[in-house]
Amino acid sequence: MTASGRVIAALCQLSFLLVMLITLAGCGTRPGPEVLRSYPDGSEGRRTVTIYVATSREAAEVAHEGFTNDRAENLSYAAFTISIPPNHVSGEIEWPYSARPHPDTKFTVVRHVVLSKQAFDKAVNADASDSGRIALFVHGFNVSFQEGLFRLAQLSADSEITGVPVFFSWPSQARLLDYATDRESATFSRDGLTDVLEQLTSLSKVRSVMLFGHSMGGWLSMEALRQLALEGDRPALRKLNVILAAPDIDEDVFNAQLDVIGPLDPPLLVMVSADDRALAASRLLQGNHQRAGQLDITDPDVVAKAREEHVLLLDISSVSSSDPLNHSRYADLAAIYPELEDTNDMSSPLRQAGALIFDAVGNTLSAPFDLAGDALAGD
């Protein structure tokens, strides 16, 4: 194929992907800020999850609407307690779309408190006193505040991890065609996330922080880690357990970030899927540069590089996805999160650099193989 032919083919593929993304984006109703209204009676006799929030978004003029899509000069802090309905289906969010909540069948905010930085630190530290752990979630592109908040509530309810759930929310526009604006907003939020990581890792009761970044939030997470490394804050880095799900990061940029950050212990874990359609669209938008979330674990060079950088690539393509873009499989992986949270079991295959395939049917892990049948993962 000629060079011009390749360009035309790439443009056609990009057009197809964009049309598909726009069509899918318009298929469902997205929750507005009304889902953040508190309904105190919703906690009676029901399981609840308290999510602590640190955000670089502007606070809404009306307090019960949480935070907007605008950028704030300073970080804001809050806590939301959300009740989980008895009929909750793992991996799903039962949205409270109606004006009056139905906590027996829907996720429901039962308490919302605005916090100062000092009150945030004190509350998180107190809640971490038993486990010594925090789980910090950073959302991705095209995500509103309420979508990210309820996603972390779902993950916390399904995984039953012991870490205190903390949500770092950056000002995504929550619009599909605002990819470039979201990238700039993520860049704007790098110092904020770095500050939050320094805050959390310095709390007296906290032994480890599981930093979980999804999609563009993975890029933001890596930039914050890079900043910690440049500042020489190794004590903070030593407390981190980093997981990236479908990271929307240029492969070369990812390698450059790793070079600055250095090896992490436990190894940085990257969840990858070759059939992630959202990353396929991002790749075409970015000049056809490979995304870290689509790395091929059957490529010996890719696996060798992962071992060299002390990274574990986990292929989760076998996990069924309720998301037609195959970009949010992490939401259905509750079964393995407790194991990811445990940083002490160094015998676990999830604590070894290299590559693994997750078998969703048997909840098992195995090494990838090349065409000759030789294992590519570590011995």
# chains A, B, ... in the order shown; residues from 1 in each chain; ligands from 1

$ residues_around --residues "Arg190 in chain A" --least-positions-apart "6" --cutoff "7 Å" --atoms "only C-alpha atoms" --output "PyMOL selection string"
chain A and resi 220+223-224

$ residues_around --residues "Ser159 in chain A" --least-positions-apart "3" --cutoff "6 Å" --atoms "only C-alpha atoms" --output "list in words"
Leu155, Ser156, Ala334 and Tyr337 of chain A

$ closest_residue --among "A:Met216, A:Ala123, A:Val35, A:Ala186" --to "Asn69 in chain A" --atoms "only C-alpha atoms"
A:Ala186

$ residues_around --residues "range 105-114 of chain A" --least-positions-apart "4" --cutoff "9 Å" --atoms "only C-alpha atoms" --output "number ranges by chain"
A: 35-43, 48, 50, 63-64, 66, 76-88, 93-97, 101, 150, 153-154

$ closest_atom_pairs --of "range 226-269 of chain A" --to "range 127-140 of chain A" --cutoff "10 Å" --atoms "only C-alpha atoms" --output "JSON lines"
{"residue": "A:Lys239", "atom": "CA", "partner": "A:Arg133", "partner_atom": "CA", "distance": 9.7}
{"residue": "A:Leu240", "atom": "CA", "partner": "A:Ile134", "partner_atom": "CA", "distance": 9.6}
{"residue": "A:Asn241", "atom": "CA", "partner": "A:Ala135", "partner_atom": "CA", "distance": 9.2}
{"residue": "A:Val242", "atom": "CA", "partner": "A:Leu136", "partner_atom": "CA", "distance": 9.6}
{"residue": "A:Ile243", "atom": "CA", "partner": "A:Phe137", "partner_atom": "CA", "distance": 9.7}
{"residue": "A:Leu244", "atom": "CA", "partner": "A:Val138", "partner_atom": "CA", "distance": 9.6}
{"residue": "A:Ala245", "atom": "CA", "partner": "A:Gly140", "partner_atom": "CA", "distance": 9.7}
{"residue": "A:Ala246", "atom": "CA", "partner": "A:Gly140", "partner_atom": "CA", "distance": 9.5}
{"residue": "A:Pro247", "atom": "CA", "partner": "A:Gly140", "partner_atom": "CA", "distance": 8.7}
{"residue": "A:Asp248", "atom": "CA", "partner": "A:Gly140", "partner_atom": "CA", "distance": 8.6}

$ write_last_selection --atoms "C-alpha atoms" --output "short mmCIF file (atom, residue, chain, number, x, y, z; two decimals), in the first residue's frame"
data_model
loop_
_atom_site.label_atom_id
_atom_site.label_comp_id
_atom_site.auth_asym_id
_atom_site.auth_seq_id
_atom_site.Cartn_x
_atom_site.Cartn_y
_atom_site.Cartn_z
CA LYS A 239 4.56 3.48 50.29
CA LEU A 240 2.84 3.30 46.91
CA ASN A 241 1.30 0.26 45.25
CA VAL A 242 0.51 1.46 41.72
CA ILE A 243 -2.08 -0.04 39.36
CA LEU A 244 -2.92 1.39 35.93
CA ALA A 245 -6.05 0.17 34.13
CA ALA A 246 -6.12 0.74 30.35
CA PRO A 247 -3.67 3.65 30.65
CA ASP A 248 -4.01 6.15 27.81
#

$ closest_residue --among "A:Leu333, A:Leu268, A:Leu75, A:Ala306" --to "Ala360 in chain A" --atoms "only C-alpha atoms"
A:Leu333

$ closest_atom_pairs --of "range 252-316 of chain A" --to "range 171-177 of chain A" --cutoff "12 Å" --atoms "only C-alpha atoms" --output "tab-separated table"
residue	atom	partner	partner_atom	distance
A:Ala278	CA	A:Leu176	CA	10.7
A:Ala281	CA	A:Leu176	CA	11.6
A:Ser282	CA	A:Leu176	CA	11.6
A:Leu285	CA	A:Leu177	CA	11.7

$ select_by_dssp --residues "range 42-122 of chain A" --states "strand (DSSP E)" --output "PyMOL selection string"
chain A and resi 47-59+67-84+108-115

$ write_last_selection --atoms "N, CA, C and O atoms" --output "compact mmCIF listing (two decimals), in the first residue's frame"
# COMPACT_ATOMS: atom_id res chain seq x y z
N ARG A 47 -25.81 -1.51 53.82
CA ARG A 47 -24.35 -1.34 53.80
C ARG A 47 -24.01 0.02 53.22
O ARG A 47 -24.62 0.47 52.24
N THR A 48 -23.04 0.68 53.79
CA THR A 48 -22.62 1.98 53.29
C THR A 48 -21.12 2.01 53.03
O THR A 48 -20.36 1.23 53.63
N VAL A 49 -20.71 2.90 52.15
CA VAL A 49 -19.29 3.12 51.84
C VAL A 49 -19.04 4.62 51.95
O VAL A 49 -19.77 5.42 51.36
N THR A 50 -18.02 5.01 52.71
CA THR A 50 -17.64 6.42 52.80
C THR A 50 -16.45 6.68 51.90
O THR A 50 -15.40 6.03 52.04
N ILE A 51 -16.62 7.61 50.96
CA ILE A 51 -15.58 7.98 50.02
C ILE A 51 -15.05 9.36 50.39
O ILE A 51 -15.82 10.32 50.46
N TYR A 52 -13.75 9.45 50.61
CA TYR A 52 -13.13 10.76 50.85
C TYR A 52 -12.70 11.33 49.50
O TYR A 52 -12.22 10.60 48.63
N VAL A 53 -12.87 12.64 49.34
CA VAL A 53 -12.64 13.29 48.06
C VAL A 53 -11.60 14.39 48.18
O VAL A 53 -11.65 15.21 49.11
N ALA A 54 -10.65 14.39 47.23
CA ALA A 54 -9.75 15.51 47.03
C ALA A 54 -9.88 15.86 45.54
O ALA A 54 -9.77 14.99 44.69
N THR A 55 -10.12 17.11 45.23
CA THR A 55 -10.42 17.45 43.83
C THR A 55 -9.85 18.79 43.41
O THR A 55 -9.77 19.73 44.21
N SER A 56 -9.48 18.87 42.15
CA SER A 56 -9.04 20.13 41.55
C SER A 56 -10.17 20.78 40.76
O SER A 56 -9.94 21.68 39.97
N ARG A 57 -11.41 20.33 40.99
CA ARG A 57 -12.59 20.94 40.39
C ARG A 57 -13.09 22.09 41.26
O ARG A 57 -12.89 22.10 42.48
N GLU A 58 -13.81 23.01 40.63
CA GLU A 58 -14.49 24.07 41.37
C GLU A 58 -15.70 23.49 42.09
O GLU A 58 -16.40 22.64 41.55
N ALA A 59 -15.95 23.96 43.30
CA ALA A 59 -17.15 23.56 44.03
C ALA A 59 -18.37 24.16 43.35
O ALA A 59 -18.33 25.30 42.86
N PHE A 67 -19.27 19.08 42.73
CA PHE A 67 -18.23 19.84 42.05
C PHE A 67 -18.49 19.90 40.55
O PHE A 67 -19.06 18.98 39.96
N THR A 68 -18.06 20.99 39.93
CA THR A 68 -18.33 21.25 38.52
C THR A 68 -17.20 20.70 37.64
O THR A 68 -16.29 20.04 38.13
N ASN A 69 -17.25 21.03 36.36
CA ASN A 69 -16.20 20.63 35.42
C ASN A 69 -15.12 21.70 35.27
O ASN A 69 -14.21 21.57 34.44
N ASP A 70 -15.21 22.79 36.04
CA ASP A 70 -14.25 23.88 35.94
C ASP A 70 -13.03 23.63 36.83
O ASP A 70 -13.10 22.90 37.82
N ARG A 71 -11.92 24.25 36.45
CA ARG A 71 -10.67 24.10 37.19
C ARG A 71 -10.62 25.06 38.38
O ARG A 71 -11.01 26.22 38.26
N ALA A 72 -10.14 24.55 39.50
CA ALA A 72 -10.03 25.37 40.71
C ALA A 72 -8.57 25.68 41.00
O ALA A 72 -7.68 24.85 40.75
N GLU A 73 -8.32 26.84 41.56
CA GLU A 73 -6.95 27.24 41.88
C GLU A 73 -6.38 26.38 43.00
O GLU A 73 -5.20 26.05 43.01
N ASN A 74 -7.24 26.00 43.96
CA ASN A 74 -6.80 25.21 45.11
C ASN A 74 -7.62 23.93 45.21
O ASN A 74 -8.76 23.86 44.73
N LEU A 75 -7.06 22.93 45.86
CA LEU A 75 -7.78 21.68 46.06
C LEU A 75 -8.92 21.87 47.05
O LEU A 75 -8.85 22.69 47.96
N SER A 76 -9.99 21.10 46.83
CA SER A 76 -11.12 21.05 47.77
C SER A 76 -11.22 19.62 48.30
O SER A 76 -10.80 18.66 47.65
N TYR A 77 -11.85 19.50 49.47
CA TYR A 77 -11.96 18.20 50.13
C TYR A 77 -13.40 17.98 50.60
O TYR A 77 -14.12 18.92 50.95
N ALA A 78 -13.81 16.72 50.61
CA ALA A 78 -15.17 16.38 51.04
C ALA A 78 -15.23 14.91 51.40
O ALA A 78 -14.25 14.15 51.20
N ALA A 79 -16.37 14.49 51.93
CA ALA A 79 -16.63 13.07 52.18
C ALA A 79 -18.08 12.78 51.81
O ALA A 79 -18.98 13.57 52.13
N PHE A 80 -18.28 11.68 51.09
CA PHE A 80 -19.62 11.24 50.70
C PHE A 80 -19.83 9.83 51.23
O PHE A 80 -18.99 8.95 51.01
N THR A 81 -20.93 9.61 51.91
CA THR A 81 -21.30 8.26 52.33
C THR A 81 -22.44 7.79 51.43
O THR A 81 -23.45 8.50 51.28
N ILE A 82 -22.27 6.62 50.83
CA ILE A 82 -23.21 6.10 49.85
C ILE A 82 -23.70 4.73 50.30
O ILE A 82 -22.89 3.86 50.65
N SER A 83 -25.01 4.53 50.29
CA SER A 83 -25.56 3.22 50.65
C SER A 83 -25.64 2.35 49.41
O SER A 83 -25.90 2.82 48.29
N ILE A 84 -25.41 1.06 49.61
CA ILE A 84 -25.41 0.07 48.53
C ILE A 84 -26.70 -0.76 48.62
O ILE A 84 -26.99 -1.31 49.69
N THR A 108 -27.37 5.33 46.83
CA THR A 108 -27.95 6.55 47.36
C THR A 108 -26.95 7.27 48.25
O THR A 108 -26.37 6.67 49.16
N VAL A 109 -26.75 8.57 48.00
CA VAL A 109 -25.92 9.37 48.90
C VAL A 109 -26.71 9.63 50.17
O VAL A 109 -27.84 10.13 50.13
N VAL A 110 -26.13 9.27 51.30
CA VAL A 110 -26.83 9.46 52.58
C VAL A 110 -26.18 10.55 53.42
O VAL A 110 -26.77 11.02 54.40
N ARG A 111 -24.96 10.95 53.03
CA ARG A 111 -24.28 12.01 53.78
C ARG A 111 -23.22 12.65 52.90
O ARG A 111 -22.51 11.97 52.17
N HIS A 112 -23.11 13.97 52.97
CA HIS A 112 -22.11 14.73 52.21
C HIS A 112 -21.59 15.83 53.13
O HIS A 112 -22.36 16.64 53.62
N VAL A 113 -20.27 15.81 53.35
CA VAL A 113 -19.65 16.79 54.24
C VAL A 113 -18.50 17.47 53.51
O VAL A 113 -17.64 16.79 52.92
N VAL A 114 -18.47 18.79 53.52
CA VAL A 114 -17.34 19.55 53.01
C VAL A 114 -16.27 19.59 54.10
O VAL A 114 -16.57 19.86 55.27
N LEU A 115 -15.02 19.32 53.72
CA LEU A 115 -13.93 19.23 54.69
C LEU A 115 -12.82 20.22 54.39
O LEU A 115 -12.57 20.57 53.23

$ residues_around --residues "range 290-299 of chain A" --least-positions-apart "5" --cutoff "8 Å" --atoms "only C-alpha atoms" --output "ChimeraX atom specification"
/A:215,245-251,254,270-276,279,282-283,313,315,355-356,368-370,376

$ closest_residue --among "A:Pro266, A:Gly192, A:Gly218, A:Gly32" --to "Gln352 in chain A" --atoms "only C-alpha atoms"
A:Pro266

$ select_by_dssp --residues "range 119-168 of chain A" --states "alpha helix (DSSP H)" --output "ChimeraX atom specification"
/A:119-127,145-159

$ atom_distance --atom1 "CA of Asn326 in chain A" --atom2 "CA of Phe168 in chain A"
23.1 Å
